[in-house]
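> Below is a structure I'd like to ask you about.
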Amino acid sequence: MAYNLKEAIQKPNRLASGHRMCAGCGAPVVVNAVLRGLKPEDHAVIGAATGCLEVSTFIYPYTSWRDSFIHSAFENAGATVAGAEACYKAYKRQGKLPEDEHTKFIAFGGDGGTYDIGLQSLSGAMERGHDMVYVCYDNGAYMNTGIQRSSATPKFADTTTSPAGAVVPGKQQRRKDLTEVMAGHHLPYVAQTAAVGNYADLKGGMPGTFADITTKAEKAIYTEGACFLNILAPCPRGWGYETEDLMLINKLAVETCYWPLYEIIDGRYVVNYKPKEKRPVADWLKLQKRFRHLFKPGNEWMIEELQKEVDERWERLLALEELTNKVGE
Amino acid sequence: MSIRERLSGNEAVANAMRQINPDVVAAFPITPSTEVPQYFSTFVNNGKVDTEFVPVESEHSAMSACIGASSAGGRVMTATSANGLSLMWEMLYIAASLRLPIVMSCVNRAVSGPLNIHNDHSDSMGARDSGWIQLYGETNQEAYDNALMAIRIAEHKDVMLPVMNCYDGFITSHSIENIELLEDDKAKGFVGTYHPEHFLLNKKEPIAVGPLDVQPYLFEHKFQQAEAMRKAKDVILEVSEEFYKLTGRKYGLFEEYKMDDAEIAVVVLNSTAGTAKYTIDRLREKGVKAGLVKPRVFRPFPVTEIAESLKNCKAVAILDKCDSTNGAAGPLYTEVTSALYTTGITDVKTVAYTFGIGGRDVKSSDIEKVYTDLQEIVASGKVENPFRYLGLKG
C-alpha cells in the first residue's frame with residue numbers, strides 16, 4: 001500500500017487532543033502516526049504500559065483513546081495485549097464476532113517498560129507469535145518518575161540516577177540495542193523509525209513524519225504475527241531541548257545515524273535512509289542539556305567515544321543489510 | 001446419572017475446566033499445579049475445547065494475559081502455586097480492582113524460602129487481602145465442585161470478582177480419589193455462557209480499562225469493590241443451593257462436623273479437616289464431645305455465621321497451616337477470634353496452633369493432642385500459651 005500524504009493527514013487522530021502530555025513531547029506524535037496505520041473501519045484494542053503516555057491520556061473519568069484501551073501495570077503491556085488477542089482468536093473461532101469485523105492489537109511502552117522491566121513480557125508475547133504490534137516509544141530514560149537512567153539511555157547522558165558528577169560524568173554504560181534484540185526473535189517484521197520531516201514526503205530524501213512511521217505501522221499492523229516497532233520519542237524535560245525543537249532533534253538523530261531508519265522483513269534488513277553526508281553526532285548532542293558536560297574543555301574524548309559507537313553501529317547495520325539481502329538472493 | 005471416576009485433584013479440576021470451556025487459559029508450570037495446564041492443553045490440542053491456551057513465560061504474564069483476556073470479554077481461567085502466586089502479586093490486586101471474573105486454581109504450597117515444594121497455606125493466605133474470593137476444599141470432589149461454582153460466583157453481576165479455588169498441594173492435587181463428575185451437558189448447563197456487559201472487543205462500545213485513578217475517585221472505587229465482596233456471601237450461598245439441587249452435594253460458607261453438641265472444636269482448612277473428622281469419630285466413641293468447623297469461604301470471611309457456629313463451645317483451637325510471623329498466630333486464628341469478639345462472644349476460650357509448615361505430616365495423633373489440650377483448657381479454665389506449634393520437632 002503506497003503511502004498517500006493527503007489520505008494520511010485526513011484521517012482523524014485516534015488519540016484525541018486534550019491529553020496531558022508535555023508540549024514538545026515526541027510520544028503523542030508517535031502514537032497518532034502509528035494509529036494512522038490502521039484502516040479506518042478496523043477496531044483496535046490498544047494497550048499501554050504504565051508511563052507518561054498512560055497517566056497523561058487516561059485519567060479517570062476521561063480518556064483520549066477513541067479505540068478500546070487497556071492499561072494494567074508497568075512491565076506487562078506485552079502479556080496484557082497478548083491476552084486480549086488470545087480472547088479475540090477464541091471469539092472468532094466460536095463465531096462470537098461478525099466475520100467481516102476486524103480488531104487489531106497494539107501495545108505501547110516507553111523504554112523503561114520495554115527495554116528494562118517489560119523485556120520478559122515483550123519477549124514472551126513476541127515469541128508466542130500473537131497477532132499484535134508492540135511499539136516502544138523510546139525517550140531514553142524513566143521520564144514519568146523523573147528522568148532516571150534506563151538501559152536505553154545513551155552513554156554519558158546526565159539523568160537523575162546517573163548524574164554528571166565531578167567524578168562520574170553521567171551514565172557509564174552503552175545503550176542496549178533493543179531493535180537488534182527483537183531481530184533475534186525472528187519476527188516477520190521489525191522496524192526502527194522516528195518522526196522526521198514534519199509532514200512533508202521528500203521524494204528521494206528523508207521520508208516525512210507519517211510516511212516513515214505510518215508506512216511501517218501499517219506493515220506491522222497488517223503483517224500476521226508478532227511485530228515490533230522501536231520509535232524515537234524525544235522528551236523535552238529529560239533531554240533538555242526547547243519544545244519547538246522536537247522535529248529538529250528527531251531529524252538530527254537520523255541525519256547523524258544515531259537513530260537509523262530501517263526495517264527487518266522476515267530477517268532481511270532494509271536501511272530506509274542513508275544520508276549523503278553523515279552529520280557529526282555532536283550536532284545532535286549539543287542541542288540537549290543532558291549532554292552539556294560533554295562540551296566542557298577536556299571532555300572531548302566523550303564525544304569522540306560516542307561518535308565511534310555511532311559509526312560502528314551504522315557500519316554494522318549496513319553490513320547486515322548487505323549480508324541479509326545476499327542470503328535472500 | 002453422574003459419572004463415577006477415580007481422579008487426582010488436578011485432573012478433576014482440569015476436567016471441570018474442560019466442561020467450562022473457557023475462552024482463554026494462560027498458565028505457567030509450577031509444582032504442584034503444573035498438571036492442571038498440562039491436562040488442559042491436551043484437551044485443547046485434541047479439540048475437546050474452544051479455548052485459546054497461552055503458554056506464557058512467567059506467572060506475572062499469566063495473570064497479565066488473564067487480565068487482558070478477561071477485559072477483552074473472555075471467560076478466563078488459570079492455575080498456580082506458591083512462588084507463582086507470589087510473582088502474580090501485583091496483578092492479583094489489579095485483576096480484582098478491574099472487577100474481572102477470572103477463576104484460578106491455587107494448589108497450595110509453601111512459599112519460598114527456603115525452597116520447598118510441599119503443602120502449606122502460606123501462598124493463598126498471603127494473598128488473602130488481594131481482593132479475590134477464596135474458596136478452600138478438602139477433597140478432590142470439593143476442588144472439582146468449587147471450580148464449577150467459582151465460575152458462577154465470579155461472573156454474578158453483583159460480584160464480578162476473581163475467585164481462587166484453593167486445595168492442598170500433593171495431598172489433594174496428586175492423590176487419586178473416587179469422584180463424581182457431572183455429565184458434560186449438566187456441567188455446561190450449570191455454568192452457562194458468559195455475557196460480559198462491557199468488553200474491549202465490542203466495536204460498538206469501545207471502552208478504556210485501568211485508568212490513573214486519583215484522590216477524588218479511588219476511595220469510592222475501592223468501596224465498590226469491598227461491597228461486591230460483601231455481596232458475594234449471598235451469591236455463594238445461592239449458587240451452592242443451586243448446585244445442591246443439581247448434585248445432592250451441599251456446600252455452605254463452612255462445613256460443620258458434629259458441632260450440634262460440641263464442647264470443644266477445631267477450626268481448620270482443607271485436607272486436614274479429613275484427619276480431624278477421623279479423629280473426632282474416635283473421640284466420640286470415648287464420649288468426648290468434639291467437633292469441627294471447616295471454612296470453605298475465607299474471603300469474604302463469614303464473621304457472624306462462624307461466631308454463631310462456635311458460640312456454644314467451651315474451647316476452640318484454630319489451626320493455621322501458615323505462620324503470619326507476626327509474633328502471634330496465623331490468619332485463620334486472627335479472623336476467627338476477631339469474629340467471636342465482634343459478635344460479643346467472649347466466653348469461648350481460644351488457642352492457636354501453627355502446623356504442617358512445608359508439608360510436615362499431620363497425623364490423627366497430632367489432632368488428638370489438640371483435643372486433649374482443649375480438654376485441659378476447659379478443665380483449668382485457662383489458656384496458658386495461646387500461640388502454639390503442632391508437630392514441630394523439639
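Scheme for the C-alpha cells: letters A, B, ... for chains in order shown; per-chain residue numbers from 1; ligand numbers from 1 in order shown.
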Tell me, as a PyMOL selection string, which residues lie within 8 Å of Ala328 (chain B), counting only C-alpha atoms; anything in the same chain fewer than 3 positions away does not count.
chain B and resi 324-325+387
> Atoms to include: C-alpha atoms. Write the selected residues as a PDB file, in the first residue's frame.

```pdb
ATOM      1  CA  SER B 324       1.900 -14.943  59.934  1.00  0.00           C
ATOM      2  CA  THR B 325       5.285 -14.319  61.613  1.00  0.00           C
ATOM      3  CA  PHE B 387       0.126 -19.318  70.385  1.00  0.00           C
TER       4      PHE B 387
END
```
> Counting only C-alpha atoms, collect the residues of chain A whose closest atom lies at most 6 Å from chain B, and write them out as a compact mmCIF listing (two decimals) with N, CA and C atoms, in the first residue's frame.

```txt
# COMPACT_ATOMS: atom_id res chain seq x y z
N HIS A 43 -11.46 -1.96 14.12
CA HIS A 43 -11.45 -1.69 15.56
C HIS A 43 -10.05 -1.98 16.08
N VAL A 55 -0.47 7.69 31.99
CA VAL A 55 -1.01 8.56 33.05
C VAL A 55 -1.45 9.92 32.52
N PHE A 58 -5.29 8.84 30.17
CA PHE A 58 -6.45 8.12 30.73
C PHE A 58 -6.50 8.37 32.23
N ILE A 59 -6.96 9.59 32.56
CA ILE A 59 -7.12 9.97 33.96
C ILE A 59 -8.61 9.93 34.25
N TYR A 60 -9.01 9.02 35.11
CA TYR A 60 -10.44 8.83 35.38
C TYR A 60 -11.11 10.16 35.70
N ASP A 67 -10.26 4.29 20.58
CA ASP A 67 -10.41 2.84 20.45
C ASP A 67 -10.51 2.23 21.86
N SER A 68 -10.72 0.92 21.92
CA SER A 68 -10.68 0.26 23.23
C SER A 68 -9.25 0.30 23.75
N PHE A 69 -9.13 0.55 25.03
CA PHE A 69 -7.80 0.77 25.61
C PHE A 69 -7.68 0.00 26.91
N ILE A 70 -6.49 -0.55 27.15
CA ILE A 70 -6.25 -1.21 28.43
C ILE A 70 -4.86 -0.91 28.96
N HIS A 71 -4.83 -0.56 30.23
CA HIS A 71 -3.56 -0.45 30.97
C HIS A 71 -3.73 -1.31 32.22
N SER A 72 -2.73 -2.13 32.53
CA SER A 72 -2.83 -2.86 33.79
C SER A 72 -1.64 -2.57 34.69
N ALA A 79 2.19 -8.91 27.62
CA ALA A 79 1.33 -10.01 28.05
C ALA A 79 -0.13 -9.59 28.10
N THR A 80 -0.40 -8.36 28.51
CA THR A 80 -1.79 -7.91 28.64
C THR A 80 -2.47 -7.87 27.27
N VAL A 81 -1.79 -7.28 26.31
CA VAL A 81 -2.36 -7.19 24.96
C VAL A 81 -2.41 -8.59 24.32
N GLY A 83 -3.03 -11.29 25.88
CA GLY A 83 -4.23 -11.92 26.46
C GLY A 83 -5.49 -11.50 25.72
N ALA A 84 -5.57 -10.20 25.42
CA ALA A 84 -6.75 -9.70 24.70
C ALA A 84 -6.80 -10.31 23.29
N ALA A 86 -5.56 -13.18 22.43
CA ALA A 86 -5.93 -14.60 22.57
C ALA A 86 -7.45 -14.74 22.67
N CYS A 87 -8.06 -13.82 23.39
CA CYS A 87 -9.52 -13.85 23.54
C CYS A 87 -10.19 -13.61 22.18
N ALA A 90 -10.19 -16.76 20.25
CA ALA A 90 -11.20 -17.69 20.75
C ALA A 90 -12.60 -17.23 20.33
N GLY A 124 8.19 -12.75 25.57
CA GLY A 124 7.23 -13.86 25.59
C GLY A 124 6.13 -13.66 24.56
```
> Skip Pro280 (chain A) itself and residues of its chain fewer than 5 positions away, then list as a list in words all residues within 12 Å of it, counting only C-alpha atoms.
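The residues satisfying every condition are Leu252, Ala253, Val254, Glu255, Thr256, Cys257, Tyr258, Pro275, Leu285, Lys286, Ile303, Glu304, Leu306, Gln307, Lys308, Glu309, Val310 and Asp311 of chain A.
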> Would you save the residues from that selection as a PDB file, in the first residue's frame, using C-alpha atoms?

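Listed below is the output, out-v5.pdb:
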```pdb
ATOM      1  CA  LEU A 252      19.368  15.200  13.635  1.00  0.00           C
ATOM      2  CA  ALA A 253      19.103  11.811  15.353  1.00  0.00           C
ATOM      3  CA  VAL A 254      18.514  10.354  11.892  1.00  0.00           C
ATOM      4  CA  GLU A 255      20.989  12.588   9.987  1.00  0.00           C
ATOM      5  CA  THR A 256      23.791  11.706  12.427  1.00  0.00           C
ATOM      6  CA  CYS A 257      22.884   7.999  12.161  1.00  0.00           C
ATOM      7  CA  TYR A 258      22.421   7.886  15.933  1.00  0.00           C
ATOM      8  CA  PRO A 275      22.309  10.356   4.493  1.00  0.00           C
ATOM      9  CA  LEU A 285      24.222  16.239  21.309  1.00  0.00           C
ATOM     10  CA  LYS A 286      24.730  19.986  21.597  1.00  0.00           C
ATOM     11  CA  ILE A 303      32.074  12.995  22.198  1.00  0.00           C
ATOM     12  CA  GLU A 304      34.746  11.037  20.315  1.00  0.00           C
ATOM     13  CA  LEU A 306      30.032   8.416  21.259  1.00  0.00           C
ATOM     14  CA  GLN A 307      30.918   9.180  17.637  1.00  0.00           C
ATOM     15  CA  LYS A 308      32.868   5.917  17.454  1.00  0.00           C
ATOM     16  CA  GLU A 309      29.928   3.996  18.844  1.00  0.00           C
ATOM     17  CA  VAL A 310      27.509   5.571  16.352  1.00  0.00           C
ATOM     18  CA  ASP A 311      29.900   4.854  13.463  1.00  0.00           C
TER      19      ASP A 311
END
```
> Got a sec to tell me which of region 112-277 of chain A DSSP assigns to strand (DSSP E or B), as an MDAnalysis selection string?
chainID A and resid 133:138 142 148 159 162 164 169 189:194 227:232 262:265 268:271
> Run DSSP on the backbone of this structure and report the residues of region 209-284 of chain A it assigns to helix (DSSP H, G or I), as JSON, numbers by chain.
{"A": [209, 210, 211, 212, 213, 214, 215, 216, 217, 218, 219, 220, 221, 222, 236, 237, 238, 239, 240, 243, 244, 245, 246, 247, 248, 249, 250, 251, 252, 253, 254, 255, 281, 282, 283, 284]}
> Find the residues around Thr354 (chain B) up to 7 Å (only C-alpha atoms counted), leave out those fewer than 2 positions away in its own chain, and share them as a PyMOL selection string.
chain B and resi 319-323+330+352+388-390
> Pick the closest to Ala33 (chain A) from A:Lys11, A:Lys251, A:His19, A:His102: which is it, counting only C-alpha atoms?
A:Lys11
> List as a PyMOL selection string the protein and nucleic acid residues near Pro234 (chain A), meaning an atom at most 10 Å away when only C-alpha atoms are counted, but skip any in the same chain fewer than 4 places from it.
chain A and resi 24-27+137-140+194-195+238-241+243+245-247+249-250+253
> Quick one: residues within 9 Å of Cys227 (chain A), only C-alpha atoms counted, chain neighbours fewer than 3 positions away excluded, as a CSV table (one decimal) with N, CA and C atoms, in the first residue's frame?

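So selection_27.csv came out as:
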```csv
chain,number,residue,atom,x,y,z
A,126,MET,N,6.1,-11.8,21.9
A,126,MET,CA,6.6,-11.9,20.5
A,126,MET,C,6.9,-13.3,20.1
A,129,GLY,N,4.1,-15.4,19.1
A,129,GLY,CA,3.5,-15.0,17.8
A,129,GLY,C,2.1,-14.5,17.8
A,130,HIS,N,1.7,-13.8,18.9
A,130,HIS,CA,0.4,-13.2,18.9
A,130,HIS,C,0.3,-12.2,17.8
A,131,ASP,N,-0.9,-12.1,17.2
A,131,ASP,CA,-1.0,-11.2,16.1
A,131,ASP,C,-1.2,-9.8,16.6
A,132,MET,N,-0.1,-9.2,16.9
A,132,MET,CA,-0.1,-7.8,17.6
A,132,MET,C,1.2,-7.1,17.2
A,133,VAL,N,1.1,-5.8,17.5
A,133,VAL,CA,2.3,-4.9,17.3
A,133,VAL,C,2.7,-4.4,18.6
A,134,TYR,N,4.0,-4.5,19.0
A,134,TYR,CA,4.4,-3.8,20.2
A,134,TYR,C,5.2,-2.6,19.7
A,135,VAL,N,4.9,-1.4,20.2
A,135,VAL,CA,5.5,-0.2,19.8
A,135,VAL,C,6.3,0.4,21.1
A,187,LEU,N,11.1,-12.3,14.0
A,187,LEU,CA,9.7,-11.9,13.8
A,187,LEU,C,9.5,-11.6,12.3
A,188,PRO,N,8.3,-11.6,11.9
A,188,PRO,CA,8.0,-11.3,10.5
A,188,PRO,C,8.4,-9.9,10.1
A,189,TYR,N,8.2,-9.0,11.1
A,189,TYR,CA,8.5,-7.6,10.8
A,189,TYR,C,9.0,-6.8,12.0
A,190,VAL,N,10.2,-6.2,11.9
A,190,VAL,CA,10.7,-5.4,13.0
A,190,VAL,C,11.2,-4.1,12.3
A,191,ALA,N,10.9,-2.9,12.9
A,191,ALA,CA,11.4,-1.7,12.3
A,191,ALA,C,11.8,-0.7,13.3
A,219,LYS,N,2.5,-1.7,7.9
A,219,LYS,CA,3.1,-3.0,7.6
A,219,LYS,C,3.0,-3.9,8.9
A,220,ALA,N,3.4,-3.3,10.0
A,220,ALA,CA,3.4,-4.1,11.2
A,220,ALA,C,2.0,-4.5,11.6
A,221,ILE,N,1.1,-3.6,11.5
A,221,ILE,CA,-0.3,-4.0,11.9
A,221,ILE,C,-0.9,-5.0,11.1
A,223,THR,N,0.7,-7.2,9.0
A,223,THR,CA,1.5,-8.4,8.8
A,223,THR,C,1.1,-9.4,9.9
A,224,GLU,N,0.7,-10.6,9.5
A,224,GLU,CA,0.2,-11.5,10.5
A,224,GLU,C,1.3,-11.9,11.4
```
> In Å to one decimal, how far is CA of Met149 (chain B) from CA of Glu256 (chain B)?
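Separating CA of Glu256 (chain B) from CA of Met149 (chain B) is a distance of 19.9 Å.
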> Can you tell me how far CA of Thr337 (chain B) sits from CA of Gly137 (chain B), in Å to one decimal?
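The value is 21.9 Å.
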> Using only C-alpha atoms, find the one residue out of B:Ala14, B:Met104, B:Ala339, B:Leu182 that sits nearest to Gly248 (chain B).
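Among the listed residues, the smallest separation from Gly248 (chain B) belongs to B:Leu182.
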> If you measure from CA of Lys171 (chain A) to CA of Ala141 (chain A), what distance in Å do you get, rounded to one decimal?
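One can read the CA of Lys171 (chain A) to CA of Ala141 (chain A) distance as 10.9 Å.
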